[in-house]
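K.L.:
Structure below; questions to follow.
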Amino acid sequence: MTTIENNEQYERAVARVEQLLPLVDETTPRTDSNSIELERLSGLVADYSEEHFSIG
């Protein structure tokens, strides 16, 4: 996934981020597949949130 295009994708991405959070911490290598996925999805979620849910 390179962008989140709708609310359904957003909800799935948020759910996946929530699944990944307990698996990744500050000791997890940046090359770990969960860490990479979390970083990418978090960025996509943040971008979508900023565009569609920003206040002001």
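Naming works like this for the structure tokens: A, B, ... for the chains as they're shown, residue 1 at the start of each chain, ligands 1 onward in shown order.
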For segment 39-43 of chain A, list every protein, DNA or RNA residue within 7 Å, evaluated using only C-alpha atoms, and leave out those in the same chain fewer than 4 positions away; present the list as number ranges by chain.

P.N.:
A: 13, 17, 35, 47

K.L.:
Keeping C-alpha atoms, export the residues of the selection given above as an mmCIF file, in the first residue's frame.

P.N.:
```
data_model
loop_
_atom_site.group_PDB
_atom_site.id
_atom_site.type_symbol
_atom_site.label_atom_id
_atom_site.label_comp_id
_atom_site.auth_asym_id
_atom_site.auth_seq_id
_atom_site.Cartn_x
_atom_site.Cartn_y
_atom_site.Cartn_z
ATOM 1 C CA ALA A 13 -4.309 0.349 8.623
ATOM 2 C CA VAL A 17 -0.771 -0.477 13.583
ATOM 3 C CA SER A 35 9.330 -2.296 12.571
ATOM 4 C CA ASP A 47 -0.969 11.507 6.208
#
```

K.L.:
Just to confirm, what's the straight-line distance from atom CA of Val14 of chain A to atom CA of Glu50 of chain A in Å (one decimal)?

P.N.:
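Spanning atom CA of Val14 of chain A to atom CA of Glu50 of chain A is a straight-line distance of 13.9 Å.
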
K.L.:
Run DSSP on the backbone of this structure and report the residues of chain A it assigns to alpha helix (DSSP H), as an NGL selection string.

P.N.:
:A and (7-20 or 33-53)

K.L.:
Using the selection just defined, write its residues with N, CA, C and O atoms as a tab-separated table (two decimals), in the first residue's frame.

P.N.:
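Final output, out.tsv:
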```
chain	number	residue	atom	x	y	z
A	7	ASN	N	-11.80	5.53	3.83
A	7	ASN	CA	-11.93	5.28	5.26
A	7	ASN	C	-11.77	3.81	5.61
A	7	ASN	O	-11.23	3.48	6.67
A	8	GLU	N	-12.21	2.91	4.75
A	8	GLU	CA	-12.06	1.48	5.00
A	8	GLU	C	-10.58	1.08	5.09
A	8	GLU	O	-10.17	0.37	6.01
A	9	GLN	N	-9.79	1.55	4.14
A	9	GLN	CA	-8.35	1.30	4.18
A	9	GLN	C	-7.72	1.91	5.42
A	9	GLN	O	-6.83	1.32	6.04
A	10	TYR	N	-8.18	3.11	5.78
A	10	TYR	CA	-7.67	3.79	6.97
A	10	TYR	C	-7.94	2.94	8.21
A	10	TYR	O	-7.04	2.73	9.02
A	11	GLU	N	-9.16	2.46	8.35
A	11	GLU	CA	-9.51	1.65	9.52
A	11	GLU	C	-8.68	0.37	9.59
A	11	GLU	O	-8.24	-0.04	10.66
A	12	ARG	N	-8.47	-0.27	8.45
A	12	ARG	CA	-7.64	-1.48	8.42
A	12	ARG	C	-6.20	-1.17	8.80
A	12	ARG	O	-5.55	-1.92	9.53
A	13	ALA	N	-5.69	-0.04	8.31
A	13	ALA	CA	-4.31	0.35	8.62
A	13	ALA	C	-4.17	0.66	10.11
A	13	ALA	O	-3.18	0.26	10.74
A	14	VAL	N	-5.13	1.35	10.68
A	14	VAL	CA	-5.09	1.66	12.12
A	14	VAL	C	-5.12	0.36	12.93
A	14	VAL	O	-4.36	0.21	13.89
A	15	ALA	N	-5.96	-0.58	12.53
A	15	ALA	CA	-6.04	-1.86	13.23
A	15	ALA	C	-4.70	-2.60	13.16
A	15	ALA	O	-4.24	-3.19	14.15
A	16	ARG	N	-4.06	-2.55	12.01
A	16	ARG	CA	-2.77	-3.22	11.86
A	16	ARG	C	-1.69	-2.53	12.70
A	16	ARG	O	-0.86	-3.20	13.33
A	17	VAL	N	-1.72	-1.22	12.74
A	17	VAL	CA	-0.77	-0.48	13.58
A	17	VAL	C	-0.96	-0.92	15.03
A	17	VAL	O	0.03	-1.16	15.75
A	18	GLU	N	-2.18	-1.05	15.47
A	18	GLU	CA	-2.46	-1.48	16.85
A	18	GLU	C	-1.94	-2.89	17.11
A	18	GLU	O	-1.49	-3.19	18.22
A	19	GLN	N	-1.96	-3.75	16.10
A	19	GLN	CA	-1.41	-5.10	16.24
A	19	GLN	C	0.11	-5.07	16.33
A	19	GLN	O	0.71	-5.87	17.04
A	20	LEU	N	0.72	-4.16	15.59
A	20	LEU	CA	2.18	-4.10	15.53
A	20	LEU	C	2.80	-3.42	16.75
A	20	LEU	O	3.93	-3.73	17.12
A	33	SER	N	11.06	-6.70	10.13
A	33	SER	CA	9.91	-6.53	9.23
A	33	SER	C	8.73	-5.86	9.93
A	33	SER	O	8.03	-5.04	9.31
A	34	ASN	N	8.50	-6.16	11.20
A	34	ASN	CA	7.41	-5.50	11.93
A	34	ASN	C	7.69	-4.01	12.11
A	34	ASN	O	6.80	-3.18	12.01
A	35	SER	N	8.94	-3.70	12.40
A	35	SER	CA	9.33	-2.30	12.57
A	35	SER	C	9.16	-1.52	11.28
A	35	SER	O	8.64	-0.39	11.27
A	36	ILE	N	9.56	-2.11	10.18
A	36	ILE	CA	9.43	-1.46	8.87
A	36	ILE	C	7.96	-1.25	8.54
A	36	ILE	O	7.55	-0.16	8.12
A	37	GLU	N	7.14	-2.29	8.74
A	37	GLU	CA	5.71	-2.18	8.44
A	37	GLU	C	5.06	-1.12	9.33
A	37	GLU	O	4.26	-0.31	8.85
A	38	LEU	N	5.41	-1.11	10.60
A	38	LEU	CA	4.84	-0.13	11.53
A	38	LEU	C	5.20	1.29	11.11
A	38	LEU	O	4.34	2.18	11.10
A	39	GLU	N	6.44	1.51	10.76
A	39	GLU	CA	6.86	2.84	10.34
A	39	GLU	C	6.12	3.30	9.09
A	39	GLU	O	5.62	4.43	9.02
A	40	ARG	N	6.01	2.43	8.11
A	40	ARG	CA	5.32	2.79	6.86
A	40	ARG	C	3.84	3.04	7.08
A	40	ARG	O	3.29	4.04	6.62
A	41	LEU	N	3.18	2.13	7.79
A	41	LEU	CA	1.74	2.29	8.03
A	41	LEU	C	1.46	3.52	8.89
A	41	LEU	O	0.48	4.23	8.66
A	42	SER	N	2.29	3.75	9.89
A	42	SER	CA	2.10	4.92	10.74
A	42	SER	C	2.15	6.21	9.93
A	42	SER	O	1.36	7.12	10.14
A	43	GLY	N	3.07	6.27	8.99
A	43	GLY	CA	3.18	7.44	8.12
A	43	GLY	C	1.94	7.60	7.25
A	43	GLY	O	1.43	8.72	7.10
A	44	LEU	N	1.47	6.50	6.70
A	44	LEU	CA	0.27	6.57	5.85
A	44	LEU	C	-0.95	6.98	6.66
A	44	LEU	O	-1.76	7.80	6.21
A	45	VAL	N	-1.08	6.44	7.87
A	45	VAL	CA	-2.20	6.80	8.74
A	45	VAL	C	-2.12	8.28	9.10
A	45	VAL	O	-3.13	8.99	9.06
A	46	ALA	N	-0.93	8.75	9.43
A	46	ALA	CA	-0.76	10.17	9.77
A	46	ALA	C	-1.11	11.06	8.59
A	46	ALA	O	-1.80	12.08	8.76
A	47	ASP	N	-0.66	10.71	7.40
A	47	ASP	CA	-0.97	11.51	6.21
A	47	ASP	C	-2.47	11.57	5.96
A	47	ASP	O	-3.02	12.64	5.69
A	48	TYR	N	-3.13	10.43	6.03
A	48	TYR	CA	-4.58	10.38	5.79
A	48	TYR	C	-5.32	11.18	6.87
A	48	TYR	O	-6.24	11.94	6.56
A	49	SER	N	-4.91	11.00	8.11
A	49	SER	CA	-5.56	11.71	9.21
A	49	SER	C	-5.42	13.22	9.05
A	49	SER	O	-6.38	13.96	9.25
A	50	GLU	N	-4.23	13.65	8.69
A	50	GLU	CA	-3.99	15.08	8.52
A	50	GLU	C	-4.86	15.66	7.41
A	50	GLU	O	-5.42	16.75	7.53
A	51	GLU	N	-4.99	14.92	6.34
A	51	GLU	CA	-5.76	15.40	5.19
A	51	GLU	C	-7.27	15.37	5.44
A	51	GLU	O	-8.00	16.26	5.02
A	52	HIS	N	-7.74	14.34	6.14
A	52	HIS	CA	-9.19	14.15	6.26
A	52	HIS	C	-9.78	14.51	7.62
A	52	HIS	O	-11.01	14.70	7.72
A	53	PHE	N	-8.96	14.58	8.64
A	53	PHE	CA	-9.49	14.81	9.98
A	53	PHE	C	-8.88	16.02	10.68
A	53	PHE	O	-9.10	16.21	11.88
```

K.L.:
Quote the spacing between atom CA of Thr3 of chain A and atom CA of Ser54 of chain A in Å to one decimal place.

P.N.:
17.3 Å
